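Heads up, entry-v2.csv below (CSV, C-alpha atoms):
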```csv
chain,number,residue,atom,x,y,z
A,1,MET,CA,165.1,-93.0,-131.2
A,2,ARG,CA,167.8,-91.4,-129.1
A,3,LEU,CA,167.4,-91.7,-125.4
A,4,ALA,CA,170.7,-90.2,-124.2
A,5,PRO,CA,171.2,-86.4,-124.2
A,6,LYS,CA,170.9,-85.0,-127.7
A,7,PRO,CA,173.3,-82.4,-129.2
A,8,GLY,CA,173.0,-79.2,-127.3
A,9,GLU,CA,171.4,-80.8,-124.3
A,10,ASN,CA,173.5,-80.7,-121.3
A,11,ALA,CA,173.8,-84.1,-119.6
A,12,TRP,CA,172.7,-82.7,-116.2
A,13,LEU,CA,169.6,-81.1,-117.8
A,14,TRP,CA,168.8,-84.4,-119.4
A,15,LEU,CA,169.2,-86.1,-116.0
A,16,ALA,CA,167.0,-83.4,-114.4
A,17,LYS,CA,164.3,-84.1,-117.0
A,18,LEU,CA,164.3,-87.8,-116.1
A,19,ALA,CA,164.5,-87.2,-112.3
A,20,SER,CA,161.7,-84.6,-112.4
A,21,GLY,CA,159.6,-87.0,-114.5
A,22,LEU,CA,160.0,-89.7,-111.9
A,23,LEU,CA,159.2,-87.4,-109.0
A,24,ILE,CA,156.1,-86.2,-110.9
A,25,LEU,CA,154.9,-89.8,-111.1
A,26,VAL,CA,155.4,-90.2,-107.4
A,27,LEU,CA,153.8,-86.9,-106.4
A,28,LEU,CA,151.0,-87.3,-108.8
A,29,PHE,CA,150.2,-90.6,-107.1
A,30,VAL,CA,150.5,-89.0,-103.6
A,31,HIS,CA,148.4,-86.1,-104.9
A,32,LEU,CA,145.6,-88.4,-106.1
A,33,VAL,CA,145.6,-90.5,-102.9
A,34,VAL,CA,145.7,-87.6,-100.6
A,35,ASN,CA,143.1,-85.7,-102.6
A,36,HIS,CA,140.6,-88.6,-102.2
A,37,LEU,CA,141.4,-89.4,-98.6
A,38,VAL,CA,141.6,-85.8,-97.2
A,39,VAL,CA,138.9,-84.2,-99.3
A,40,GLU,CA,135.9,-86.3,-100.2
A,41,GLY,CA,134.4,-85.6,-103.6
A,42,GLY,CA,137.4,-83.5,-104.6
A,43,LEU,CA,138.2,-79.8,-104.4
A,44,MET,CA,135.0,-78.5,-105.7
A,45,THR,CA,134.6,-75.3,-103.7
A,46,TYR,CA,136.7,-72.4,-102.6
A,47,ALA,CA,136.3,-73.5,-99.0
A,48,ASP,CA,137.6,-77.0,-99.9
A,49,VAL,CA,140.7,-75.6,-101.4
A,50,ILE,CA,141.4,-73.3,-98.5
A,51,HIS,CA,141.0,-76.2,-96.1
A,52,TYR,CA,143.1,-78.4,-98.3
A,53,VAL,CA,146.2,-76.1,-98.4
A,54,SER,CA,145.9,-75.2,-94.7
A,55,ASN,CA,147.8,-78.4,-94.0
A,56,PRO,CA,151.5,-77.4,-94.4
A,57,TRP,CA,152.5,-80.8,-95.7
A,58,ILE,CA,149.9,-80.5,-98.5
A,59,ALA,CA,151.1,-77.0,-99.3
A,60,LEU,CA,154.8,-78.2,-99.4
A,61,MET,CA,153.8,-81.2,-101.6
A,62,GLU,CA,151.9,-79.0,-104.0
A,63,MET,CA,154.8,-76.6,-104.3
A,64,SER,CA,157.3,-79.3,-104.9
A,65,PHE,CA,155.0,-80.7,-107.5
A,66,LEU,CA,154.8,-77.3,-109.2
A,67,VAL,CA,158.6,-77.0,-109.3
A,68,PHE,CA,159.0,-80.5,-110.9
A,69,VAL,CA,156.2,-80.1,-113.4
A,70,VAL,CA,157.4,-76.7,-114.6
A,71,ALA,CA,161.0,-77.9,-114.9
A,72,HIS,CA,160.0,-81.0,-116.7
A,73,ALA,CA,157.6,-79.2,-119.1
A,74,LEU,CA,160.2,-76.6,-120.0
A,75,LEU,CA,163.0,-79.1,-120.4
A,76,GLY,CA,160.7,-81.2,-122.6
A,77,ALA,CA,159.7,-78.2,-124.7
A,78,ARG,CA,163.4,-77.5,-125.1
A,79,SER,CA,164.0,-81.0,-126.3
A,80,VAL,CA,161.4,-80.6,-129.0
A,81,ILE,CA,163.0,-77.3,-130.1
A,82,LEU,CA,166.5,-79.0,-130.2
A,83,ASP,CA,165.1,-81.5,-132.6
A,84,LEU,CA,164.2,-78.6,-134.9
A,85,ARG,CA,167.9,-77.7,-134.8
A,86,PRO,CA,167.7,-74.0,-134.0
A,87,ALA,CA,170.6,-71.6,-134.7
A,88,PRO,CA,172.8,-71.2,-131.6
A,89,GLY,CA,171.8,-67.6,-131.2
A,90,LEU,CA,168.1,-68.4,-131.3
A,91,LEU,CA,168.6,-71.2,-128.9
A,92,ARG,CA,170.3,-68.8,-126.4
A,93,VAL,CA,167.3,-66.4,-126.7
A,94,LEU,CA,164.9,-69.3,-126.2
A,95,ASP,CA,166.9,-70.6,-123.2
A,96,GLY,CA,166.5,-67.1,-121.6
A,97,PHE,CA,162.8,-67.2,-122.3
A,98,PHE,CA,162.5,-70.7,-120.7
A,99,VAL,CA,164.4,-69.5,-117.6
A,100,VAL,CA,162.2,-66.4,-117.3
A,101,VAL,CA,159.0,-68.4,-117.8
A,102,GLY,CA,160.1,-71.1,-115.3
A,103,ILE,CA,161.1,-68.8,-112.6
A,104,GLY,CA,157.9,-66.7,-113.2
A,105,ALA,CA,155.6,-69.7,-113.0
A,106,ILE,CA,157.2,-71.0,-109.8
A,107,ALA,CA,157.2,-67.5,-108.2
A,108,TYR,CA,153.5,-67.1,-109.2
A,109,GLY,CA,152.7,-70.5,-107.7
A,110,ILE,CA,154.4,-69.6,-104.4
A,111,TRP,CA,152.6,-66.2,-104.3
A,112,LEU,CA,149.2,-67.9,-105.0
A,113,MET,CA,149.9,-70.5,-102.3
A,114,GLN,CA,150.8,-67.9,-99.6
A,115,VAL,CA,147.6,-65.9,-100.5
A,116,LEU,CA,145.6,-69.1,-100.0
A,117,VAL,CA,147.2,-70.3,-96.7
A,118,HIS,CA,146.5,-66.9,-95.2
A,119,GLN,CA,142.8,-67.1,-96.1
A,120,THR,CA,140.2,-68.2,-93.6
A,121,VAL,CA,136.7,-69.3,-94.5
B,1,MET,CA,178.9,-78.8,-120.8
B,2,SER,CA,178.1,-81.3,-123.5
B,3,VAL,CA,178.3,-80.8,-127.3
B,4,GLU,CA,176.7,-77.4,-128.1
B,5,SER,CA,177.2,-77.4,-131.9
B,6,THR,CA,173.9,-77.5,-133.6
B,7,SER,CA,174.9,-75.1,-136.4
B,8,ASN,CA,175.9,-76.8,-139.6
B,9,ARG,CA,172.9,-79.1,-140.0
B,10,ARG,CA,169.8,-78.8,-142.0
B,11,PRO,CA,166.6,-78.0,-140.2
B,12,ALA,CA,164.7,-81.1,-139.1
B,13,ASN,CA,161.6,-82.0,-141.0
B,14,LEU,CA,158.7,-81.3,-138.7
B,15,VAL,CA,156.2,-83.1,-140.9
B,16,LYS,CA,158.3,-86.3,-140.9
B,17,TRP,CA,157.8,-86.7,-137.2
B,18,PHE,CA,154.1,-87.3,-137.9
B,19,ASP,CA,154.4,-89.3,-141.1
B,20,PRO,CA,152.6,-92.6,-140.2
B,21,ARG,CA,154.2,-94.7,-143.0
B,22,ARG,CA,156.6,-97.5,-142.2
B,23,ARG,CA,156.6,-96.9,-138.5
B,24,GLU,CA,158.1,-99.1,-135.8
B,25,ILE,CA,156.2,-99.3,-132.6
B,26,GLY,CA,159.0,-97.3,-130.9
B,27,THR,CA,158.4,-94.4,-133.3
B,28,TRP,CA,154.7,-94.4,-132.4
B,29,ALA,CA,155.7,-94.3,-128.7
B,30,PHE,CA,157.9,-91.3,-129.6
B,31,ILE,CA,155.1,-89.5,-131.4
B,32,VAL,CA,152.6,-90.1,-128.6
B,33,ASN,CA,155.1,-89.0,-126.0
B,34,ARG,CA,155.8,-85.8,-127.9
B,35,LEU,CA,152.2,-84.9,-128.5
B,36,SER,CA,151.0,-85.7,-125.0
B,37,GLY,CA,154.0,-83.8,-123.6
B,38,LEU,CA,153.2,-80.7,-125.6
B,39,GLY,CA,149.5,-81.0,-124.7
B,40,LEU,CA,150.3,-81.4,-121.0
B,41,THR,CA,152.6,-78.3,-121.1
B,42,LEU,CA,149.7,-76.3,-122.6
B,43,TYR,CA,147.4,-77.6,-119.9
B,44,LEU,CA,149.9,-76.7,-117.2
B,45,PHE,CA,150.0,-73.1,-118.1
B,46,LEU,CA,146.2,-72.8,-118.7
B,47,HIS,CA,145.8,-74.5,-115.3
B,48,LEU,CA,148.1,-72.0,-113.6
B,49,ILE,CA,146.3,-69.1,-115.3
B,50,VAL,CA,142.8,-70.1,-114.3
B,51,LEU,CA,143.9,-70.9,-110.7
B,52,SER,CA,144.4,-67.1,-110.3
B,53,GLN,CA,140.6,-67.1,-109.8
B,54,LEU,CA,141.4,-68.5,-106.3
B,55,ALA,CA,143.2,-65.2,-105.4
B,56,LYS,CA,140.0,-63.3,-106.3
B,57,GLY,CA,138.0,-65.0,-103.6
B,58,PRO,CA,135.2,-67.5,-103.2
B,59,GLN,CA,132.7,-66.0,-105.6
B,60,ALA,CA,135.1,-65.9,-108.6
B,61,TYR,CA,136.4,-69.4,-107.9
B,62,ASN,CA,133.0,-71.1,-107.3
B,63,GLN,CA,131.7,-69.4,-110.5
B,64,PHE,CA,134.7,-70.8,-112.4
B,65,ILE,CA,134.1,-74.3,-111.0
B,66,SER,CA,130.4,-74.2,-112.2
B,67,LEU,CA,131.7,-73.3,-115.6
B,68,VAL,CA,134.1,-76.2,-115.9
B,69,LYS,CA,131.4,-78.7,-114.8
B,70,ASN,CA,130.2,-78.4,-118.4
B,71,PRO,CA,130.7,-81.7,-120.3
B,72,LEU,CA,132.9,-80.0,-122.8
B,73,PHE,CA,135.5,-79.2,-120.1
B,74,LEU,CA,135.0,-82.6,-118.6
B,75,ALA,CA,136.0,-84.2,-122.0
B,76,GLY,CA,139.0,-81.8,-122.1
B,77,GLU,CA,140.0,-83.0,-118.6
B,78,PHE,CA,139.7,-86.6,-119.7
B,79,LEU,CA,142.2,-85.8,-122.5
B,80,VAL,CA,144.6,-84.4,-119.9
B,81,VAL,CA,144.2,-87.6,-117.8
B,82,ALA,CA,144.8,-89.8,-120.8
B,83,ALA,CA,147.8,-87.8,-121.9
B,84,GLY,CA,149.2,-87.9,-118.4
B,85,LEU,CA,148.8,-91.7,-118.2
B,86,LEU,CA,150.3,-92.3,-121.6
B,87,HIS,CA,153.2,-89.9,-121.1
B,88,GLY,CA,153.9,-91.2,-117.5
B,89,MET,CA,153.8,-94.9,-118.4
B,90,ASN,CA,156.0,-94.4,-121.5
B,91,GLY,CA,158.3,-92.3,-119.3
B,92,VAL,CA,158.9,-95.3,-117.0
B,93,ARG,CA,160.2,-97.2,-120.0
B,94,VAL,CA,162.4,-94.3,-121.2
B,95,ILE,CA,163.9,-94.0,-117.7
B,96,LEU,CA,164.5,-97.7,-117.3
B,97,THR,CA,166.0,-98.2,-120.8
B,98,SER,CA,168.1,-95.0,-120.4
B,99,PHE,CA,169.9,-96.8,-117.5
B,100,GLY,CA,170.2,-100.0,-119.5
B,101,ILE,CA,167.4,-101.8,-117.7
B,102,GLY,CA,165.2,-104.1,-119.8
B,103,VAL,CA,166.5,-102.8,-123.2
B,104,ALA,CA,166.1,-106.2,-124.8
B,105,HIS,CA,162.5,-106.5,-123.6
B,106,GLN,CA,161.4,-102.9,-124.2
B,107,LYS,CA,158.7,-103.7,-126.7
B,108,ARG,CA,157.0,-106.0,-124.3
B,109,MET,CA,157.5,-103.5,-121.6
B,110,LEU,CA,155.9,-100.8,-123.8
B,111,TYR,CA,152.9,-103.1,-124.4
B,112,VAL,CA,152.4,-103.8,-120.7
B,113,LEU,CA,152.8,-100.1,-119.7
B,114,MET,CA,150.4,-99.0,-122.4
B,115,GLY,CA,148.0,-101.7,-121.1
B,116,LEU,CA,148.2,-100.1,-117.7
B,117,ALA,CA,147.7,-96.7,-119.2
B,118,LEU,CA,144.6,-97.9,-121.0
B,119,ALA,CA,143.2,-99.5,-117.8
B,120,GLY,CA,143.8,-96.2,-116.1
B,121,CYS,CA,141.9,-94.4,-118.9
B,122,VAL,CA,138.9,-96.8,-118.5
B,123,PHE,CA,139.0,-96.3,-114.7
B,124,PHE,CA,139.0,-92.5,-115.0
B,125,ALA,CA,136.4,-92.6,-117.8
B,126,ILE,CA,134.0,-94.6,-115.5
B,127,ARG,CA,134.6,-92.3,-112.6
B,128,MET,CA,134.3,-89.1,-114.6
B,129,PHE,CA,131.4,-90.0,-116.9
B,130,GLY,CA,129.8,-92.9,-115.0
B,131,GLY,CA,127.2,-90.7,-113.4
B,132,GLU,CA,127.5,-91.4,-109.6
B,133,VAL,CA,130.7,-90.4,-108.0
```
Any chance you could give the structure as structure tokens?
Amino acid sequence: MRLAPKPGENAWLWLAKLASGLLILVLLFVHLVVNHLVVEGGLMTYADVIHYVSNPWIALMEMSFLVFVVAHALLGARSVILDLRPAPGLLRVLDGFFVVVGIGAIAYGIWLMQVLVHQTV
Amino acid sequence: MSVESTSNRRPANLVKWFDPRRREIGTWAFIVNRLSGLGLTLYLFLHLIVLSQLAKGPQAYNQFISLVKNPLFLAGEFLVVAAGLLHGMNGVRVILTSFGIGVAHQKRMLYVLMGLALAGCVFFAIRMFGGEV
């Protein structure tokens, strides 16, 4: 099993994958703890969610979580594809696809969050 | 940039990844990590898509929540939790050994981390299916 960057994987991207993985573990823990301390019984209704994200620290935490998770998921998916040894041209196309999907997912999350923080119940 | 030449190699054998014969424990860790990672990626995008119900207002979202209270969805959620625990715990080992920490003890480290993941699974199973919350 190869742990270091694989062929075609930039060392910085590899490091980003590790770092985002670690940050996800930290934020997942924070997310679970906060979720159970701030909202008893979990976010089971619309009103719960609106109340939850009305705290700017929560909104910021959730947005950072989204960025790390999206980055980690796409870098991981790319690692799987690298193991299938794609032709360089195909890899370039897929890289473009990953960038578009990643930016799209994060932009969508930010849009959704700003819709929710402006809601009142 | 690192080495970018992936050209003159034969395509990898996808089936070989999942061939269970003559496996070391580390290869199992690799297989579990890969499957759980792909599963979690699928979940991430499904999750982002369904959360768009929030933008449609209280009725749409509350209706969605009553749908996912169904035991089938709960079982799916449990798979997500289990995949997250396995992937996260194995990831700790990958990060440590990548920086040269505990390489000589990585099998034992894997067993301990998988034990923690299993304990986490039991905890969440009791919380999710144990009746009273």
Using only C-alpha atoms, which protein or nucleic acid residues come within 10 Å of range 78-89 of chain B? Drop anything in the same chain fewer than 2 positions from it, and give the result as number ranges by chain. A: 21-22, 24-25, 28; B: 29-30, 32-40, 42-44, 72-76, 91-94, 109-110, 112-122, 124-125, 128-129
Within 7 Å of chain B, which residues of chain A show up when using all atoms listed in the file, listed as a PyMOL selection string? chain A and resi 3-4+7-11+18+25+44-46+73+83-85+87-88+112+115
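Our summary of the geometry notes that CA of Phe123 in chain B is positioned 13.4 Å from CA of Leu32 in chain A.
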Measuring atom to atom with all atoms listed in the file, identify which of A:Ser79, A:Ser54, A:Gln114, A:Ser20 is nearest to Asp95 in chain A.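 So, comparing all the options, the nearest one is A:Ser79.
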Can you tell me, as a PyMOL selection string, which residues sit within 12 Å of (158.1, -68.4, -116.1) in the file's frame, using all atoms listed in the file? (chain A and resi 66-67+70-71+73-74+95-109) or (chain B and resi 44-45+48-49)
Please produce an output containing C-alpha atoms for each residue in the selection, written as a PDB file, keeping the file's coordinate frame.
```
ATOM      1  CA  LEU A  66     154.800 -77.300-109.200  1.00  0.00           C
ATOM      2  CA  VAL A  67     158.600 -77.000-109.300  1.00  0.00           C
ATOM      3  CA  VAL A  70     157.400 -76.700-114.600  1.00  0.00           C
ATOM      4  CA  ALA A  71     161.000 -77.900-114.900  1.00  0.00           C
ATOM      5  CA  ALA A  73     157.600 -79.200-119.100  1.00  0.00           C
ATOM      6  CA  LEU A  74     160.200 -76.600-120.000  1.00  0.00           C
ATOM      7  CA  ASP A  95     166.900 -70.600-123.200  1.00  0.00           C
ATOM      8  CA  GLY A  96     166.500 -67.100-121.600  1.00  0.00           C
ATOM      9  CA  PHE A  97     162.800 -67.200-122.300  1.00  0.00           C
ATOM     10  CA  PHE A  98     162.500 -70.700-120.700  1.00  0.00           C
ATOM     11  CA  VAL A  99     164.400 -69.500-117.600  1.00  0.00           C
ATOM     12  CA  VAL A 100     162.200 -66.400-117.300  1.00  0.00           C
ATOM     13  CA  VAL A 101     159.000 -68.400-117.800  1.00  0.00           C
ATOM     14  CA  GLY A 102     160.100 -71.100-115.300  1.00  0.00           C
ATOM     15  CA  ILE A 103     161.100 -68.800-112.600  1.00  0.00           C
ATOM     16  CA  GLY A 104     157.900 -66.700-113.200  1.00  0.00           C
ATOM     17  CA  ALA A 105     155.600 -69.700-113.000  1.00  0.00           C
ATOM     18  CA  ILE A 106     157.200 -71.000-109.800  1.00  0.00           C
ATOM     19  CA  ALA A 107     157.200 -67.500-108.200  1.00  0.00           C
ATOM     20  CA  TYR A 108     153.500 -67.100-109.200  1.00  0.00           C
ATOM     21  CA  GLY A 109     152.700 -70.500-107.700  1.00  0.00           C
TER      22      GLY A 109
ATOM     23  CA  LEU B  44     149.900 -76.700-117.200  1.00  0.00           C
ATOM     24  CA  PHE B  45     150.000 -73.100-118.100  1.00  0.00           C
ATOM     25  CA  LEU B  48     148.100 -72.000-113.600  1.00  0.00           C
ATOM     26  CA  ILE B  49     146.300 -69.100-115.300  1.00  0.00           C
TER      27      ILE B  49
END
```
